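Below is start-v9.pdb, which holds PDB, C-alpha atoms.
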ATOM      1  CA  MET T   1       0.000   0.000   0.000
ATOM      2  CA  PRO T   2       1.477   3.381  -0.897
ATOM      3  CA  LEU T   3       2.679   5.335   2.140
ATOM      4  CA  THR T   4       0.594   8.376   1.154
ATOM      5  CA  VAL T   5      -2.561   6.269   1.484
ATOM      6  CA  VAL T   6      -1.499   4.875   4.865
ATOM      7  CA  ARG T   7      -0.737   8.364   6.160
ATOM      8  CA  ARG T   8      -4.231   9.546   5.218
ATOM      9  CA  GLU T   9      -6.286   6.448   6.012
ATOM     10  CA  HIS T  10      -7.701   8.126   9.124
ATOM     11  CA  VAL T  11      -9.018  11.109   7.135
ATOM     12  CA  HIS T  12     -12.792  11.064   6.927
ATOM     13  CA  LEU T  13     -14.512  10.371   3.638
ATOM     14  CA  TYR T  14     -17.471  12.708   3.902
ATOM     15  CA  ALA T  15     -20.891  11.770   2.590
ATOM     16  CA  HIS T  16     -21.701  15.443   3.172
ATOM     17  CA  GLU T  17     -18.948  17.959   3.850
ATOM     18  CA  PRO T  18     -19.338  20.141   6.948
ATOM     19  CA  ARG T  19     -20.916  23.474   6.089
ATOM     20  CA  SER T  20     -18.076  25.618   7.379
ATOM     21  CA  GLU T  21     -14.308  25.422   7.298
ATOM     22  CA  ALA T  22     -14.293  25.697  11.116
ATOM     23  CA  ALA T  23     -16.584  22.654  11.396
ATOM     24  CA  LYS T  24     -14.377  20.730   8.945
ATOM     25  CA  THR T  25     -11.302  21.616  11.005
ATOM     26  CA  ALA T  26     -13.059  20.413  14.172
ATOM     27  CA  VAL T  27     -14.154  17.127  12.554
ATOM     28  CA  ASP T  28     -10.640  16.559  11.234
ATOM     29  CA  ALA T  29      -9.172  17.232  14.697
ATOM     30  CA  LEU T  30     -11.618  14.782  16.274
ATOM     31  CA  LEU T  31     -10.727  12.118  13.713
ATOM     32  CA  ARG T  32      -6.994  12.713  14.259
ATOM     33  CA  LEU T  33      -7.587  12.269  18.006
ATOM     34  CA  GLN T  34      -9.420   9.001  17.372
ATOM     35  CA  HIS T  35      -6.614   7.787  15.099
ATOM     36  CA  ALA T  36      -3.923   8.808  17.603
ATOM     37  CA  GLU T  37      -5.740   6.933  20.381
ATOM     38  CA  GLU T  38      -6.067   3.827  18.206
ATOM     39  CA  GLN T  39      -2.348   3.968  17.380
ATOM     40  CA  LYS T  40      -1.408   4.458  21.043
ATOM     41  CA  ILE T  41      -3.580   1.522  22.133
ATOM     42  CA  GLU T  42      -2.120  -0.716  19.434
ATOM     43  CA  SER T  43       1.415   0.307  20.428
ATOM     44  CA  ALA T  44       0.587  -0.472  24.056
ATOM     45  CA  ARG T  45      -0.796  -3.860  23.041
ATOM     46  CA  ILE T  46       2.320  -4.687  21.050
ATOM     47  CA  GLU T  47       4.600  -3.560  23.906
ATOM     48  CA  SER T  48       2.617  -5.718  26.322
ATOM     49  CA  ASP T  49       3.273  -8.780  24.136
ATOM     50  CA  LEU T  50      -0.412  -9.727  24.253
ATOM     51  CA  THR T  51      -2.779 -10.672  21.459
ATOM     52  CA  LYS T  52      -5.674  -8.303  20.801
ATOM     53  CA  ASN T  53      -8.119 -10.531  22.665
ATOM     54  CA  GLU T  54      -5.718 -11.023  25.577
ATOM     55  CA  PHE T  55      -5.223  -7.259  25.826
ATOM     56  CA  LEU T  56      -8.975  -6.608  25.709
ATOM     57  CA  ALA T  57      -9.617  -9.373  28.238
ATOM     58  CA  VAL T  58      -7.215  -7.839  30.742
ATOM     59  CA  ARG T  59      -8.752  -4.386  30.203
ATOM     60  CA  TYR T  60     -12.280  -5.753  30.720
ATOM     61  CA  MET T  61     -11.228  -7.718  33.797
ATOM     62  CA  LEU T  62      -9.526  -4.699  35.337
ATOM     63  CA  GLN T  63     -12.574  -2.530  34.757
ATOM     64  CA  ALA T  64     -14.899  -5.151  36.229
ATOM     65  CA  HIS T  65     -12.605  -5.540  39.232
ATOM     66  CA  ARG T  66     -12.456  -1.774  39.774
ATOM     67  CA  ASP T  67     -16.263  -1.620  39.501
ATOM     68  CA  GLY T  68     -16.610  -4.416  42.064
ATOM     69  CA  ARG T  69     -18.187  -6.828  39.556
ATOM     70  CA  ILE T  70     -17.488 -10.560  39.626
ATOM     71  CA  MET T  71     -16.541 -11.913  36.202
ATOM     72  CA  GLY T  72     -16.048 -15.433  34.971
ATOM     73  CA  PRO T  73     -15.018 -17.029  31.697
ATOM     74  CA  LYS T  74     -18.588 -16.976  30.349
ATOM     75  CA  ASP T  75     -18.817 -13.217  30.911
ATOM     76  CA  LEU T  76     -15.499 -12.750  29.173
ATOM     77  CA  ALA T  77     -16.620 -14.884  26.213
ATOM     78  CA  VAL T  78     -19.655 -12.608  25.771
ATOM     79  CA  MET T  79     -17.580  -9.429  26.045
ATOM     80  CA  LEU T  80     -14.983 -10.644  23.549
ATOM     81  CA  ALA T  81     -17.589 -12.280  21.279
ATOM     82  CA  VAL T  82     -15.610 -15.528  21.191
ATOM     83  CA  SER T  83     -16.448 -19.165  21.824
ATOM     84  CA  ASN T  84     -16.024 -20.875  25.174
ATOM     85  CA  ALA T  85     -13.083 -22.810  23.734
ATOM     86  CA  SER T  86     -11.414 -19.584  22.613
ATOM     87  CA  VAL T  87     -11.943 -17.884  25.952
ATOM     88  CA  THR T  88     -10.426 -20.917  27.693
ATOM     89  CA  LYS T  89      -7.272 -20.530  25.575
ATOM     90  CA  ILE T  90      -7.167 -16.781  26.294
ATOM     91  CA  VAL T  91      -7.638 -17.281  30.042
ATOM     92  CA  ASP T  92      -5.041 -20.083  30.122
ATOM     93  CA  ALA T  93      -2.523 -17.813  28.397
ATOM     94  CA  LEU T  94      -3.232 -14.904  30.772
ATOM     95  CA  VAL T  95      -2.985 -17.144  33.833
ATOM     96  CA  GLY T  96       0.325 -18.438  32.452
ATOM     97  CA  LYS T  97       1.545 -14.846  32.055
ATOM     98  CA  GLU T  98       0.464 -14.131  35.642
ATOM     99  CA  LEU T  99      -2.051 -11.490  34.550
ATOM    100  CA  LEU T 100      -5.183 -13.339  35.715
ATOM    101  CA  VAL T 101      -5.947 -15.788  38.495
ATOM    102  CA  ARG T 102      -8.832 -18.214  38.751
ATOM    103  CA  THR T 103     -10.704 -18.535  42.029
ATOM    104  CA  ALA T 104     -13.838 -20.347  43.128
ATOM    105  CA  HIS T 105     -17.111 -18.475  42.734
ATOM    106  CA  PRO T 106     -18.418 -17.423  46.172
ATOM    107  CA  SER T 107     -21.900 -18.891  45.673
ATOM    108  CA  ASP T 108     -21.612 -21.349  42.751
ATOM    109  CA  ARG T 109     -18.948 -23.976  43.343
ATOM    110  CA  ARG T 110     -19.151 -25.079  39.692
ATOM    111  CA  ALA T 111     -18.181 -21.635  38.429
ATOM    112  CA  GLN T 112     -14.881 -19.794  38.345
ATOM    113  CA  VAL T 113     -14.137 -16.167  39.045
ATOM    114  CA  LEU T 114     -11.374 -14.428  37.124
ATOM    115  CA  GLU T 115      -9.359 -11.745  38.869
ATOM    116  CA  PRO T 116      -6.673  -9.520  37.372
ATOM    117  CA  THR T 117      -3.359  -9.550  39.196
ATOM    118  CA  ASP T 118      -1.461  -6.511  40.432
ATOM    119  CA  ARG T 119       0.949  -7.167  37.558
ATOM    120  CA  ALA T 120      -1.943  -6.879  35.073
ATOM    121  CA  ALA T 121      -3.020  -3.565  36.588
ATOM    122  CA  GLU T 122       0.516  -2.203  36.452
ATOM    123  CA  GLN T 123       1.027  -3.350  32.853
ATOM    124  CA  ILE T 124      -2.244  -1.976  31.495
ATOM    125  CA  ASP T 125      -2.093   1.252  33.507
ATOM    126  CA  ALA T 126       1.466   1.844  32.268
ATOM    127  CA  SER T 127       0.400   1.219  28.675
ATOM    128  CA  TYR T 128      -2.271   3.927  28.891
ATOM    129  CA  ALA T 129      -0.284   6.383  31.017
ATOM    130  CA  GLY T 130       1.170   8.386  28.121
ATOM    131  CA  PHE T 131      -2.185   8.830  26.416
ATOM    132  CA  HIS T 132      -4.000   9.798  29.599
ATOM    133  CA  GLU T 133      -1.236  12.148  30.736
ATOM    134  CA  ALA T 134      -1.223  13.947  27.378
ATOM    135  CA  VAL T 135      -4.997  14.425  27.403
ATOM    136  CA  VAL T 136      -5.113  15.584  31.027
ATOM    137  CA  GLU T 137      -2.164  17.931  30.530
ATOM    138  CA  VAL T 138      -3.857  19.709  27.632
ATOM    139  CA  LEU T 139      -7.301  19.869  29.262
ATOM    140  CA  ASP T 140      -5.863  21.082  32.573
ATOM    141  CA  HIS T 141      -4.555  24.121  30.714
ATOM    142  CA  LEU T 142      -7.881  25.007  29.109
ATOM    143  CA  SER T 143     -10.179  27.462  30.818
ATOM    144  CA  ASP T 144     -13.233  26.128  32.622
ATOM    145  CA  ALA T 145     -15.380  27.705  29.904
ATOM    146  CA  ASP T 146     -13.420  25.994  27.105
ATOM    147  CA  ASN T 147     -13.611  22.647  28.922
ATOM    148  CA  ALA T 148     -17.364  23.111  29.369
ATOM    149  CA  VAL T 149     -17.827  23.800  25.630
ATOM    150  CA  LEU T 150     -15.633  20.819  24.734
ATOM    151  CA  ALA T 151     -17.498  18.497  27.115
ATOM    152  CA  ALA T 152     -20.895  19.675  25.874
ATOM    153  CA  SER T 153     -19.870  19.286  22.231
ATOM    154  CA  LEU T 154     -18.429  15.810  22.734
ATOM    155  CA  THR T 155     -21.543  14.776  24.665
ATOM    156  CA  LYS T 156     -23.735  15.940  21.765
ATOM    157  CA  ILE T 157     -21.603  13.921  19.335
ATOM    158  CA  VAL T 158     -21.823  10.805  21.537
ATOM    159  CA  ASP T 159     -25.583  11.245  21.892
ATOM    160  CA  ALA T 160     -25.986  11.676  18.123
ATOM    161  CA  LEU T 161     -23.905   8.570  17.437
ATOM    162  CA  ALA T 162     -25.907   6.574  19.984
ATOM    163  CA  ALA T 163     -29.280   7.730  18.643
ATOM    164  CA  GLY T 164     -31.184   4.877  17.080
ATOM    165  CA  THR T 165     -28.987   2.168  18.572
ATOM    166  CA  PRO T 166     -30.484  -0.290  21.037
ATOM    167  CA  ALA T 167     -30.075   0.796  24.657
ATOM    168  CA  PRO T 168     -28.051  -1.648  26.767
ATOM    169  CA  VAL T 169     -30.085  -3.599  29.294
ATOM    170  CA  ASP T 170     -26.923  -3.945  31.380
ATOM    171  CA  GLU T 171     -23.178  -3.787  30.801
ATOM    172  CA  TYR T 172     -23.206  -6.910  28.613
ATOM    173  CA  THR T 173     -26.607  -7.238  26.967
ATOM    174  CA  VAL T 174     -28.295  -5.255  24.245
ATOM    175  CA  ASP T 175     -32.069  -5.531  24.061
ATOM    176  CA  ASP T 176     -32.945  -5.449  20.367
ATOM    177  CA  HIS T 177     -36.691  -5.810  20.899
ATOM    178  CA  ASP T 178     -37.331  -2.050  21.072
TER     179      ASP T 178
END

Could you take the file, read its structure, and then write that structure out as structure tokens?
Amino acid sequence: MPLTVVRREHVHLYAHEPRSEAAKTAVDALLRLQHAEEQKIESARIESDLTKNEFLAVRYMLQAHRDGRIMGPKDLAVMLAVSNASVTKIVDALVGKELLVRTAHPSDRRAQVLEPTDRAAEQIDASYAGFHEAVVEVLDHLSDADNAVLAASLTKIVDALAAGTPAPVDEYTVDDHD
């Protein structure tokens, strides 16, 4: 693939161009942010020496742990959209890398609970540190008014993107009967 195409692959192909040059500049900046985040996450994944599903699994497990939710292999299979056999291979690999541990479920002795290790938290947190620090550093230097406009604008974009999509019943299920 020619390098000029790769360099511009994150540029939006508009169905309808924004009405003003300022709006086009804002859309382009938002798309460059999205592309930069994707690149940073992929670099972090590569540095962590994890497959994409292993990396996502550790992220999901850390978030669940921090939210106080109990997660098992079946939950992880749903979140990753993989088979039970695939999730078993992923979990086995992460246990072998000392990023997850299996424990007995507190109320169902047939089930397992997956817990991220301190090592997993350190590895994932370190992989996101540069991205988060850069974002916080820039936003900390904006005025409260500019941050309020930015937050309101991004919220409107998120709401517009979510419009018409099924509302989640919970963190894992989408009810498509609406």

To test the calculation: enclose all listed atoms of segment 129-141 of chain T in a box whose edges run along x, y and z, add 6 Å on each side, then state centre and edge lengths in Å to one decimal, as lines of an AutoDock Vina configuration file.
center_x = -3.1
center_y = 15.3
center_z = 29.5
size_x = 20.5
size_y = 29.7
size_z = 18.2

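Our summary of the geometry notes that atom CA of Val78 of chain T is positioned 12.1 Å from atom CA of Asn53 of chain T.
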
*Might you pull out every residue within 12 Å of Lys89 of chain T, with all atoms listed in the file counted and same-chain residues fewer than 3 positions away left off, and present them as a PyMOL selection string?*
chain T and resi 51+53-54+57+73+76-77+82-86+92-96

Which residues of segment 8-124 of chain T sit at most 12 Å from segment 130-140 of chain T, using all atoms listed in the file? Give each one's shortest atom pair and distance in Å (one decimal place), in chain and ascending residue order, as a tab-separated table.
residue	atom	partner	partner_atom	distance
T:Leu33	CA	T:Val135	CA	10.0
T:Gln34	CA	T:Phe131	CA	11.6
T:Ala36	CA	T:Phe131	CA	9.0
T:Glu37	CA	T:Phe131	CA	7.3
T:Glu38	CA	T:Phe131	CA	10.4
T:Gln39	CA	T:Phe131	CA	10.3
T:Lys40	CA	T:Phe131	CA	7.0
T:Ile41	CA	T:Phe131	CA	8.6
T:Glu42	CA	T:Phe131	CA	11.8
T:Ser43	CA	T:Phe131	CA	11.0
T:Ala44	CA	T:Gly130	CA	9.8
T:Ile124	CA	T:Gly130	CA	11.4

Using only C-alpha atoms, the best pick from T:Leu56, T:Ile70, T:Val91, T:Ala129 as closest to Ser107 of chain T would be T:Ile70

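Rounded to one decimal, atom CA of Leu99 of chain T and atom CA of Glu115 of chain T lie 8.5 Å from each other.
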
Just give me the residues with any atom within 8 Å of (-10.0, -8.5, 32.9), file coordinates, counting only C-alpha atoms, written as a list of chain:residue names.
T:Leu56, T:Ala57, T:Val58, T:Arg59, T:Tyr60, T:Met61, T:Leu62, T:Gln63, T:Ala64, T:His65, T:Leu76, T:Leu100, T:Leu114, T:Glu115, T:Pro116

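Ranking T:Ile157, T:Ala120, T:Ala145, T:Leu150 by their shortest atom-to-atom distance to Leu50 of chain T, with all atoms listed in the file included, puts T:Ala120 first.
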
One decimal place gives the atom CA of Arg102 of chain T-atom CA of Ala121 of chain T separation as 15.9 Å

message: At a cut-off of 12 Å, using only C-alpha atoms, what residues contact Pro106 of chain T? Leave out same-chain residues fewer than 5 positions from it and give the result as a list of chain:residue names.
response: T:Ile70, T:Met71, T:Gly72, T:Ala111, T:Gln112, T:Val113, T:Leu114

Include C-alpha atoms and write out the residues we just selected as an mmCIF file, in the coordinates of the input.
data_model
loop_
_atom_site.group_PDB
_atom_site.id
_atom_site.type_symbol
_atom_site.label_atom_id
_atom_site.label_comp_id
_atom_site.auth_asym_id
_atom_site.auth_seq_id
_atom_site.Cartn_x
_atom_site.Cartn_y
_atom_site.Cartn_z
ATOM 1 C CA ILE T 70 -17.488 -10.560 39.626
ATOM 2 C CA MET T 71 -16.541 -11.913 36.202
ATOM 3 C CA GLY T 72 -16.048 -15.433 34.971
ATOM 4 C CA ALA T 111 -18.181 -21.635 38.429
ATOM 5 C CA GLN T 112 -14.881 -19.794 38.345
ATOM 6 C CA VAL T 113 -14.137 -16.167 39.045
ATOM 7 C CA LEU T 114 -11.374 -14.428 37.124
#
